file structure.pdb (PDB, C-alpha atoms and all ligand atoms)
ATOM      1  CA  MET T   4      87.678 147.141 100.296  1.00  0.00           C
ATOM      2  CA  LYS T   5      89.795 144.450 101.893  1.00  0.00           C
ATOM      3  CA  ILE T   6      89.552 143.594 105.587  1.00  0.00           C
ATOM      4  CA  SER T   7      92.905 143.042 107.269  1.00  0.00           C
ATOM      5  CA  ASN T   8      92.574 143.053 111.056  1.00  0.00           C
ATOM      6  CA  ILE T   9      92.168 139.286 111.214  1.00  0.00           C
ATOM      7  CA  ASP T  10      93.605 137.070 113.959  1.00  0.00           C
ATOM      8  CA  LEU T  11      96.725 135.633 112.349  1.00  0.00           C
ATOM      9  CA  LYS T  12      96.287 132.370 114.219  1.00  0.00           C
ATOM     10  CA  THR T  13      93.284 131.735 111.965  1.00  0.00           C
ATOM     11  CA  ALA T  14      95.295 132.276 108.746  1.00  0.00           C
ATOM     12  CA  TYR T  15      95.445 128.530 108.039  1.00  0.00           C
ATOM     13  CA  ARG T  16      91.652 128.556 107.610  1.00  0.00           C
ATOM     14  CA  PHE T  17      92.017 130.431 104.341  1.00  0.00           C
ATOM     15  CA  LEU T  18      93.667 127.300 102.933  1.00  0.00           C
ATOM     16  CA  TYR T  19      90.512 125.196 103.371  1.00  0.00           C
ATOM     17  CA  PRO T  20      88.652 123.080 102.251  1.00  0.00           C
ATOM     18  CA  ARG T  21      91.349 120.460 102.432  1.00  0.00           C
ATOM     19  CA  PHE T  22      91.797 116.948 101.134  1.00  0.00           C
ATOM     20  CA  THR T  23      91.281 114.634 104.103  1.00  0.00           C
ATOM     21  CA  ILE T  24      93.168 111.400 104.647  1.00  0.00           C
ATOM     22  CA  ILE T  25      93.875 108.840 107.348  1.00  0.00           C
ATOM     23  CA  VAL T  26      97.420 108.136 108.496  1.00  0.00           C
ATOM     24  CA  SER T  27      97.915 104.697 110.016  1.00  0.00           C
ATOM     25  CA  SER T  28     100.998 103.799 112.028  1.00  0.00           C
ATOM     26  CA  GLY T  29     102.454 101.342 114.542  1.00  0.00           C
ATOM     27  CA  THR T  30     102.192  97.649 113.748  1.00  0.00           C
ATOM     28  CA  LEU T  31      99.410  95.224 112.867  1.00  0.00           C
ATOM     29  CA  SER T  32      99.307  94.049 116.513  1.00  0.00           C
ATOM     30  CA  ASN T  33      99.710  97.541 117.982  1.00  0.00           C
ATOM     31  CA  PRO T  34      98.242  99.981 115.466  1.00  0.00           C
ATOM     32  CA  ASN T  35      97.039 103.571 115.519  1.00  0.00           C
ATOM     33  CA  ALA T  36      95.437 105.946 113.034  1.00  0.00           C
ATOM     34  CA  LEU T  37      94.384 109.572 112.836  1.00  0.00           C
ATOM     35  CA  THR T  38      92.551 111.750 110.369  1.00  0.00           C
ATOM     36  CA  ILE T  39      94.472 114.661 108.910  1.00  0.00           C
ATOM     37  CA  ALA T  40      93.688 117.578 106.642  1.00  0.00           C
ATOM     38  CA  TRP T  41      97.251 118.901 106.551  1.00  0.00           C
ATOM     39  CA  SER T  42      99.263 116.915 104.019  1.00  0.00           C
ATOM     40  CA  THR T  43     101.179 117.751 100.881  1.00  0.00           C
ATOM     41  CA  PRO T  44     103.224 116.258  98.055  1.00  0.00           C
ATOM     42  CA  LEU T  45     106.866 117.346  98.438  1.00  0.00           C
ATOM     43  CA  SER T  46     108.761 115.742  95.562  1.00  0.00           C
ATOM     44  CA  ALA T  47     108.029 113.457  92.600  1.00  0.00           C
ATOM     45  CA  ASP T  48     111.570 112.104  92.321  1.00  0.00           C
ATOM     46  CA  PRO T  49     112.350 110.965  94.938  1.00  0.00           C
ATOM     47  CA  PRO T  50     108.682 110.397  95.768  1.00  0.00           C
ATOM     48  CA  LEU T  51     108.138 112.341  98.998  1.00  0.00           C
ATOM     49  CA  LEU T  52     105.104 113.600 100.867  1.00  0.00           C
ATOM     50  CA  GLY T  53     104.593 115.470 104.120  1.00  0.00           C
ATOM     51  CA  VAL T  54     102.003 114.889 106.819  1.00  0.00           C
ATOM     52  CA  LEU T  55     101.595 117.496 109.551  1.00  0.00           C
ATOM     53  CA  ILE T  56     100.830 116.052 112.934  1.00  0.00           C
ATOM     54  CA  ALA T  57     100.455 118.014 116.183  1.00  0.00           C
ATOM     55  CA  ASN T  58     103.126 117.252 118.761  1.00  0.00           C
ATOM     56  CA  LYS T  59     100.553 116.126 121.320  1.00  0.00           C
ATOM     57  CA  ARG T  60      98.965 113.419 119.148  1.00  0.00           C
ATOM     58  CA  TYR T  61      99.590 109.763 119.977  1.00  0.00           C
ATOM     59  CA  SER T  62     100.356 109.194 116.277  1.00  0.00           C
ATOM     60  CA  HIS T  63     103.216 111.710 116.582  1.00  0.00           C
ATOM     61  CA  GLU T  64     104.846 109.627 119.308  1.00  0.00           C
ATOM     62  CA  ILE T  65     104.341 106.372 117.381  1.00  0.00           C
ATOM     63  CA  ILE T  66     105.648 107.592 114.006  1.00  0.00           C
ATOM     64  CA  LYS T  67     108.703 109.163 115.666  1.00  0.00           C
ATOM     65  CA  GLU T  68     109.472 105.821 117.266  1.00  0.00           C
ATOM     66  CA  THR T  69     108.544 103.325 114.535  1.00  0.00           C
ATOM     67  CA  LYS T  70     109.530 105.420 111.473  1.00  0.00           C
ATOM     68  CA  SER T  71     106.840 104.330 109.063  1.00  0.00           C
ATOM     69  CA  PHE T  72     103.260 105.274 108.228  1.00  0.00           C
ATOM     70  CA  VAL T  73     100.593 104.724 105.584  1.00  0.00           C
ATOM     71  CA  VAL T  74      98.568 107.437 103.859  1.00  0.00           C
ATOM     72  CA  ASN T  75      95.106 105.924 103.353  1.00  0.00           C
ATOM     73  CA  ILE T  76      92.731 107.813 101.063  1.00  0.00           C
ATOM     74  CA  PRO T  77      89.086 107.248 102.007  1.00  0.00           C
ATOM     75  CA  HIS T  78      86.100 107.398  99.673  1.00  0.00           C
ATOM     76  CA  PHE T  79      83.359 109.835 100.701  1.00  0.00           C
ATOM     77  CA  ASN T  80      81.201 106.870 101.762  1.00  0.00           C
ATOM     78  CA  LEU T  81      83.701 106.366 104.625  1.00  0.00           C
ATOM     79  CA  VAL T  82      83.089 109.859 106.020  1.00  0.00           C
ATOM     80  CA  GLU T  83      81.681 108.648 109.364  1.00  0.00           C
ATOM     81  CA  GLU T  84      84.536 106.245 109.955  1.00  0.00           C
ATOM     82  CA  THR T  85      87.031 108.937 108.946  1.00  0.00           C
ATOM     83  CA  HIS T  86      85.466 111.428 111.360  1.00  0.00           C
ATOM     84  CA  PHE T  87      85.562 108.847 114.166  1.00  0.00           C
ATOM     85  CA  VAL T  88      89.327 108.242 114.038  1.00  0.00           C
ATOM     86  CA  GLY T  89      89.821 112.011 114.075  1.00  0.00           C
ATOM     87  CA  GLN T  90      87.840 112.471 117.283  1.00  0.00           C
ATOM     88  CA  ILE T  91      89.386 110.001 119.707  1.00  0.00           C
ATOM     89  CA  SER T  92      93.025 109.467 120.570  1.00  0.00           C
ATOM     90  CA  GLY T  93      94.479 105.986 120.390  1.00  0.00           C
ATOM     91  CA  ARG T  94      96.078 106.840 123.737  1.00  0.00           C
ATOM     92  CA  GLU T  95      92.625 106.796 125.348  1.00  0.00           C
ATOM     93  CA  ASP T  96      91.095 104.100 123.164  1.00  0.00           C
ATOM     94  CA  PRO T  97      93.482 101.580 121.598  1.00  0.00           C
ATOM     95  CA  LYS T  98      90.507  99.960 119.827  1.00  0.00           C
ATOM     96  CA  LYS T  99      89.381 103.092 117.997  1.00  0.00           C
ATOM     97  CA  ILE T 100      90.224 101.755 114.534  1.00  0.00           C
ATOM     98  CA  GLU T 101      87.985  98.703 114.827  1.00  0.00           C
ATOM     99  CA  LYS T 102      85.316 100.749 116.648  1.00  0.00           C
ATOM    100  CA  ALA T 103      85.307 103.101 113.660  1.00  0.00           C
ATOM    101  CA  GLY T 104      84.526 100.091 111.486  1.00  0.00           C
ATOM    102  CA  PHE T 105      87.894  99.863 109.760  1.00  0.00           C
ATOM    103  CA  THR T 106      89.879  96.687 109.159  1.00  0.00           C
ATOM    104  CA  LEU T 107      93.659  96.618 109.002  1.00  0.00           C
ATOM    105  CA  GLU T 108      95.764  94.586 106.597  1.00  0.00           C
ATOM    106  CA  PRO T 109      99.534  94.159 106.441  1.00  0.00           C
ATOM    107  CA  SER T 110     101.473  96.570 104.277  1.00  0.00           C
ATOM    108  CA  LYS T 111     103.757  95.155 101.633  1.00  0.00           C
ATOM    109  CA  LYS T 112     106.993  96.914 102.592  1.00  0.00           C
ATOM    110  CA  ILE T 113     106.615  98.515 106.032  1.00  0.00           C
ATOM    111  CA  ALA T 114     105.498  97.595 109.555  1.00  0.00           C
ATOM    112  CA  ALA T 115     102.672 100.173 109.683  1.00  0.00           C
ATOM    113  CA  PRO T 116      99.436  98.489 108.561  1.00  0.00           C
ATOM    114  CA  ARG T 117      97.095  99.672 105.794  1.00  0.00           C
ATOM    115  CA  ILE T 118      93.367 100.361 106.100  1.00  0.00           C
ATOM    116  CA  LYS T 119      91.640  97.764 103.938  1.00  0.00           C
ATOM    117  CA  GLU T 120      88.490  99.805 103.246  1.00  0.00           C
ATOM    118  CA  CYS T 121      90.532 102.662 101.727  1.00  0.00           C
ATOM    119  CA  LYS T 122      91.064 101.949  98.039  1.00  0.00           C
ATOM    120  CA  ILE T 123      94.327 103.888  97.886  1.00  0.00           C
ATOM    121  CA  ASN T 124      97.251 103.287 100.235  1.00  0.00           C
ATOM    122  CA  LEU T 125     100.668 104.923 100.058  1.00  0.00           C
ATOM    123  CA  GLU T 126     103.258 103.137 102.182  1.00  0.00           C
ATOM    124  CA  CYS T 127     105.855 105.559 103.540  1.00  0.00           C
ATOM    125  CA  LYS T 128     109.201 105.269 105.240  1.00  0.00           C
ATOM    126  CA  LEU T 129     109.995 108.220 107.530  1.00  0.00           C
ATOM    127  CA  VAL T 130     113.031 110.017 106.085  1.00  0.00           C
ATOM    128  CA  ASP T 131     112.904 113.396 107.862  1.00  0.00           C
ATOM    129  CA  THR T 132     111.040 115.328 110.533  1.00  0.00           C
ATOM    130  CA  ILE T 133     110.721 119.068 110.200  1.00  0.00           C
ATOM    131  CA  THR T 134     109.733 121.043 113.240  1.00  0.00           C
ATOM    132  CA  THR T 135     107.383 123.818 112.251  1.00  0.00           C
ATOM    133  CA  GLY T 136     105.335 125.180 115.189  1.00  0.00           C
ATOM    134  CA  ASP T 137     102.651 123.290 117.025  1.00  0.00           C
ATOM    135  CA  HIS T 138     102.805 120.607 114.312  1.00  0.00           C
ATOM    136  CA  ASP T 139     105.773 118.610 112.995  1.00  0.00           C
ATOM    137  CA  MET T 140     106.028 117.647 109.360  1.00  0.00           C
ATOM    138  CA  PHE T 141     106.855 113.975 108.931  1.00  0.00           C
ATOM    139  CA  VAL T 142     108.474 113.542 105.543  1.00  0.00           C
ATOM    140  CA  GLY T 143     107.686 110.151 104.084  1.00  0.00           C
ATOM    141  CA  GLU T 144     109.308 108.465 101.136  1.00  0.00           C
ATOM    142  CA  ILE T 145     106.586 106.557  99.300  1.00  0.00           C
ATOM    143  CA  ILE T 146     107.953 103.072  98.749  1.00  0.00           C
ATOM    144  CA  GLU T 147     104.751 101.268  97.723  1.00  0.00           C
ATOM    145  CA  ILE T 148     101.429 102.304  96.169  1.00  0.00           C
ATOM    146  CA  ALA T 149      98.337 100.099  96.339  1.00  0.00           C
ATOM    147  CA  VAL T 150      95.257 101.124  94.326  1.00  0.00           C
ATOM    148  CA  ASP T 151      92.079  99.129  93.854  1.00  0.00           C
ATOM    149  CA  SER T 152      91.943  98.008  90.236  1.00  0.00           C
ATOM    150  CA  THR T 153      88.297  99.155  89.898  1.00  0.00           C
ATOM    151  CA  ILE T 154      89.204 102.847  90.323  1.00  0.00           C
ATOM    152  CA  ARG T 155      92.629 102.984  88.669  1.00  0.00           C
ATOM    153  CA  ASP T 156      93.051 105.138  85.545  1.00  0.00           C
ATOM    154  CA  GLU T 157      96.186 106.023  83.594  1.00  0.00           C
ATOM    155  CA  TRP T 158      96.783 109.266  85.577  1.00  0.00           C
ATOM    156  CA  SER T 159      95.985 108.017  89.083  1.00  0.00           C
ATOM    157  CA  TYR T 160      92.351 107.175  89.809  1.00  0.00           C
ATOM    158  CA  ASP T 161      88.985 107.852  88.187  1.00  0.00           C
ATOM    159  CA  LEU T 162      87.223 110.700  90.010  1.00  0.00           C
ATOM    160  CA  SER T 163      83.806 109.412  88.951  1.00  0.00           C
ATOM    161  CA  LYS T 164      84.541 106.138  90.719  1.00  0.00           C
ATOM    162  CA  HIS T 165      86.260 107.454  93.825  1.00  0.00           C
ATOM    163  CA  GLN T 166      85.208 110.691  95.471  1.00  0.00           C
ATOM    164  CA  SER T 167      87.622 111.937  98.074  1.00  0.00           C
ATOM    165  CA  ILE T 168      86.726 113.779 101.265  1.00  0.00           C
ATOM    166  CA  TYR T 169      87.331 117.490 101.850  1.00  0.00           C
ATOM    167  CA  TRP T 170      86.964 119.159 105.242  1.00  0.00           C
ATOM    168  CA  ARG T 171      86.216 122.705 106.308  1.00  0.00           C
ATOM    169  CA  GLN T 172      84.711 124.133 109.479  1.00  0.00           C
ATOM    170  CA  SER T 173      82.999 121.035 110.839  1.00  0.00           C
ATOM    171  CA  LYS T 174      81.651 120.097 107.407  1.00  0.00           C
ATOM    172  CA  PHE T 175      82.703 117.361 105.035  1.00  0.00           C
ATOM    173  CA  SER T 176      82.167 117.482 101.287  1.00  0.00           C
ATOM    174  CA  SER T 177      83.199 115.241  98.424  1.00  0.00           C
ATOM    175  CA  ASP T 178      85.405 116.447  95.569  1.00  0.00           C
ATOM    176  CA  ALA T 179      84.243 120.052  95.581  1.00  0.00           C
ATOM    177  CA  TYR T 180      86.103 120.669  92.380  1.00  0.00           C
ATOM    178  CA  ARG T 181      84.291 117.997  90.401  1.00  0.00           C
ATOM    179  CA  LEU T 182      81.319 120.278  89.838  1.00  0.00           C
ATOM    180  CA  ASN T 183      83.342 123.008  88.130  1.00  0.00           C
ATOM    181  CA  VAL T 184      85.646 121.274  85.689  1.00  0.00           C
ATOM    182  CA  VAL T 185      87.548 122.962  82.864  1.00  0.00           C
ATOM    183  CA  ASN T 186      89.724 120.926  80.522  1.00  0.00           C
ATOM    184  CA  GLU T 187      93.223 122.346  80.179  1.00  0.00           C
ATOM    185  CA  GLU T 188      93.020 122.054  76.365  1.00  0.00           C
ATOM    186  CA  ASP T 189      89.948 124.293  76.342  1.00  0.00           C
ATOM    187  CA  LEU T 190      91.918 127.176  77.854  1.00  0.00           C
ATOM    188  CA  THR T 191      93.651 129.656  75.579  1.00  0.00           C
TER
HETATM  189  C1  LIG B 201      88.709 116.353 109.535  1.00  0.00           C
HETATM  190  C2  LIG B 201      89.836 116.332 110.520  1.00  0.00           C
HETATM  191  C3  LIG B 201      91.085 116.809 110.160  1.00  0.00           C
HETATM  192  C4  LIG B 201      92.162 116.786 111.066  1.00  0.00           C
HETATM  193  N1  LIG B 201      93.393 117.223 110.664  1.00  0.00           N
HETATM  194  C5  LIG B 201      94.465 117.091 111.491  1.00  0.00           C
HETATM  195  C6  LIG B 201      95.784 117.420 111.025  1.00  0.00           C
HETATM  196  O1  LIG B 201      95.985 117.833 109.881  1.00  0.00           O
HETATM  197  N2  LIG B 201      96.809 117.234 111.894  1.00  0.00           N
HETATM  198  C7  LIG B 201      96.625 116.786 113.179  1.00  0.00           C
HETATM  199  O2  LIG B 201      97.597 116.664 113.945  1.00  0.00           O
HETATM  200  N3  LIG B 201      95.393 116.462 113.632  1.00  0.00           N
HETATM  201  C8  LIG B 201      94.315 116.584 112.826  1.00  0.00           C
HETATM  202  N4  LIG B 201      93.055 116.220 113.259  1.00  0.00           N
HETATM  203  C9  LIG B 201      92.882 115.762 114.646  1.00  0.00           C
HETATM  204  C10 LIG B 201      93.281 114.302 114.889  1.00  0.00           C
HETATM  205  O3  LIG B 201      92.789 113.429 113.882  1.00  0.00           O
HETATM  206  C11 LIG B 201      92.703 113.851 116.252  1.00  0.00           C
HETATM  207  O4  LIG B 201      93.193 114.679 117.273  1.00  0.00           O
HETATM  208  C12 LIG B 201      92.985 112.387 116.567  1.00  0.00           C
HETATM  209  O5  LIG B 201      92.086 111.970 117.564  1.00  0.00           O
HETATM  210  C13 LIG B 201      94.406 112.133 117.005  1.00  0.00           C
HETATM  211  O6  LIG B 201      94.560 110.752 117.242  1.00  0.00           O
HETATM  212  P1  LIG B 201      95.850 110.122 117.960  1.00  0.00           P
HETATM  213  O7  LIG B 201      96.069 110.884 119.253  1.00  0.00           O
HETATM  214  O8  LIG B 201      95.457 108.694 118.180  1.00  0.00           O
HETATM  215  O9  LIG B 201      96.997 110.284 117.029  1.00  0.00           O
HETATM  216  C14 LIG B 201      91.969 116.277 112.381  1.00  0.00           C
HETATM  217  C15 LIG B 201      90.699 115.793 112.749  1.00  0.00           C
HETATM  218  C16 LIG B 201      89.645 115.808 111.840  1.00  0.00           C
HETATM  219  C17 LIG B 201      88.290 115.290 112.246  1.00  0.00           C
END
call {"tool": "encode", "arguments": {"input": "structure.pdb", "output": "structure tokens", "more": "lines below"}}
Ligand SMILES: Cc1cc2nc3c(=O)[nH]c(=O)nc-3n(C[C@H](O)[C@H](O)[C@H](O)COP(=O)(O)O)c2cc1C
result
Amino acid sequence: MKISNIDLKTAYRFLYPRFTIIVSSGTLSNPNALTIAWSTPLSADPPLLGVLIANKRYSHEIIKETKSFVVNIPHFNLVEETHFVGQISGREDPKKIEKAGFTLEPSKKIAAPRIKECKINLECKLVDTITTGDHDMFVGEIIEIAVDSTIRDEWSYDLSKHQSIYWRQSKFSSDAYRLNVVNEEDLT
């Protein structure tokens, strides 16, 4: 039996747990950052990704104005810091990034700064904004990738050396999928 009388406004919850990242924006002297669980690759060539940010967020205003942002991928050992920047708006507390315990460093190609403690940074130039509903999708062209040499492997990064954060219903977990791994070549 399948249940179907479910509040449609909760439909998005069936798409969790979700890969959790931090989007930094603004400039090195006037930065902001927020935690997001809604992001997606959009194209390999050109290299595009989408980050979904609610219209009311301070980051929304900043990215619209400054047209660049960085996708910072935190290790699970940064879960507290990651939670912190997702709780407080930079509008109320302009020092939230340093209070979280993060350090900023200049990006190579854009004004938006990178988070130093995150071992993977994707520098993006805003190329489109798609209005969806209560969130807008900022489409970023990835123009620079920085990965710590200690975690890099030939595909992207070594999962045994860098465990990402996944979020669902007030709980954080590290690479949920690591525990149940099947090699593609073992499938018929
Ligand atoms: C785990 C987690 C995931 C979140 N995902 C999103 C998201 O996908 N999009 C969004 O707009 N806000 C999301 N938020 C909320 C923002 O991070 C939060 O409102 C933040 O304080 C906004 O900061 P700002 O106003 O400085 O931009 C999430 C928060 C947490 C803790």
call {"tool": "residues_near_ligand", "arguments": {"input": "structure.pdb", "ligand": "ligand LIG 201 (chain B)", "cutoff": "7 Å", "atoms": "only C-alpha atoms and all ligand atoms", "output": "VMD selection string"}}
result
chain T and resid 23 35 to 42 55 to 57 60 to 63 86 88 to 94 138 170
call {"tool": "resolve_selection", "arguments": {"input": "structure.pdb", "expression": "the PyMOL selection byres (((chain T and resi 66-74) around 9) and not hetatm)", "output": "number ranges by chain"}}
result
T: 24-30, 54, 61-65, 75-76, 110, 113-118, 123-130, 132, 141, 143, 145
call {"tool": "atom_distance", "arguments": {"input": "structure.pdb", "atom1": "CA of Lys174 (chain T)", "atom2": "CA of Thr85 (chain T)"}}
result
12.5 Å
call {"tool": "atom_distance", "arguments": {"input": "structure.pdb", "atom1": "CA of Thr134 (chain T)", "atom2": "CA of Ser32 (chain T)"}}
result
29.1 Å
call {"tool": "axis_aligned_box", "arguments": {"input": "structure.pdb", "around": "region 131-141 of chain T", "padding_each_side": "4 Å", "output": "JSON"}}
result
{"center_x": 107.8, "center_y": 119.3, "center_z": 112.4, "size_x": 18.3, "size_y": 19.8, "size_z": 17.2}
call {"tool": "closest_residue", "arguments": {"input": "structure.pdb", "among": "T:Tyr15, T:Phe22, T:Phe105, T:Tyr160", "to": "Glu83 (chain T)", "atoms": "only C-alpha atoms"}}
result
T:Phe105
call {"tool": "closest_residue", "arguments": {"input": "structure.pdb", "among": "T:Cys121, T:Met140, T:Leu81, T:Leu52", "to": "Ala103 (chain T)", "atoms": "all atoms listed in the file"}}
result
T:Leu81
call {"tool": "residues_around", "arguments": {"input": "structure.pdb", "residues": "Lys102 (chain T)", "least_positions_apart": "3", "cutoff": "10 Å", "atoms": "all atoms listed in the file", "output": "PDB file with C-alpha atoms, in the frame of the given file"}}
result
ATOM      1  CA  GLU T  84      84.536 106.245 109.955  1.00  0.00           C
ATOM      2  CA  PHE T  87      85.562 108.847 114.166  1.00  0.00           C
ATOM      3  CA  VAL T  88      89.327 108.242 114.038  1.00  0.00           C
ATOM      4  CA  ASP T  96      91.095 104.100 123.164  1.00  0.00           C
ATOM      5  CA  PRO T  97      93.482 101.580 121.598  1.00  0.00           C
ATOM      6  CA  LYS T  98      90.507  99.960 119.827  1.00  0.00           C
ATOM      7  CA  LYS T  99      89.381 103.092 117.997  1.00  0.00           C
ATOM      8  CA  PHE T 105      87.894  99.863 109.760  1.00  0.00           C
ATOM      9  CA  THR T 106      89.879  96.687 109.159  1.00  0.00           C
TER      10      THR T 106
END
call {"tool": "atom_distance", "arguments": {"input": "structure.pdb", "atom1": "CA of Lys119 (chain T)", "atom2": "CA of Leu107 (chain T)"}}
result
5.6 Å
call {"tool": "closest_residue", "arguments": {"input": "structure.pdb", "among": "T:Leu31, T:Val142, T:Leu51, T:Ile9", "to": "Glu108 (chain T)", "atoms": "only C-alpha atoms"}}
result
T:Leu31
call {"tool": "closest_residue", "arguments": {"input": "structure.pdb", "among": "T:Val82, T:Lys111, T:Ile133, T:Asp48", "to": "Glu147 (chain T)", "atoms": "only C-alpha atoms"}}
result
T:Lys111
call {"tool": "resolve_selection", "arguments": {"input": "structure.pdb", "expression": "the PyMOL selection byres (((chain T and resi 177) around 6) and not hetatm)", "output": "PyMOL selection string"}}
result
chain T and resi 79+166-169+176+178-179
call {"tool": "closest_residue", "arguments": {"input": "structure.pdb", "among": "T:Asp137, T:Arg171, T:Asn33, T:His165", "to": "Lys12 (chain T)", "atoms": "only C-alpha atoms"}}
result
T:Asp137
call {"tool": "closest_residue", "arguments": {"input": "structure.pdb", "among": "T:Thr191, T:Glu144, T:Asp161, T:Asn8", "to": "Pro44 (chain T)", "atoms": "only C-alpha atoms"}}
result
T:Glu144
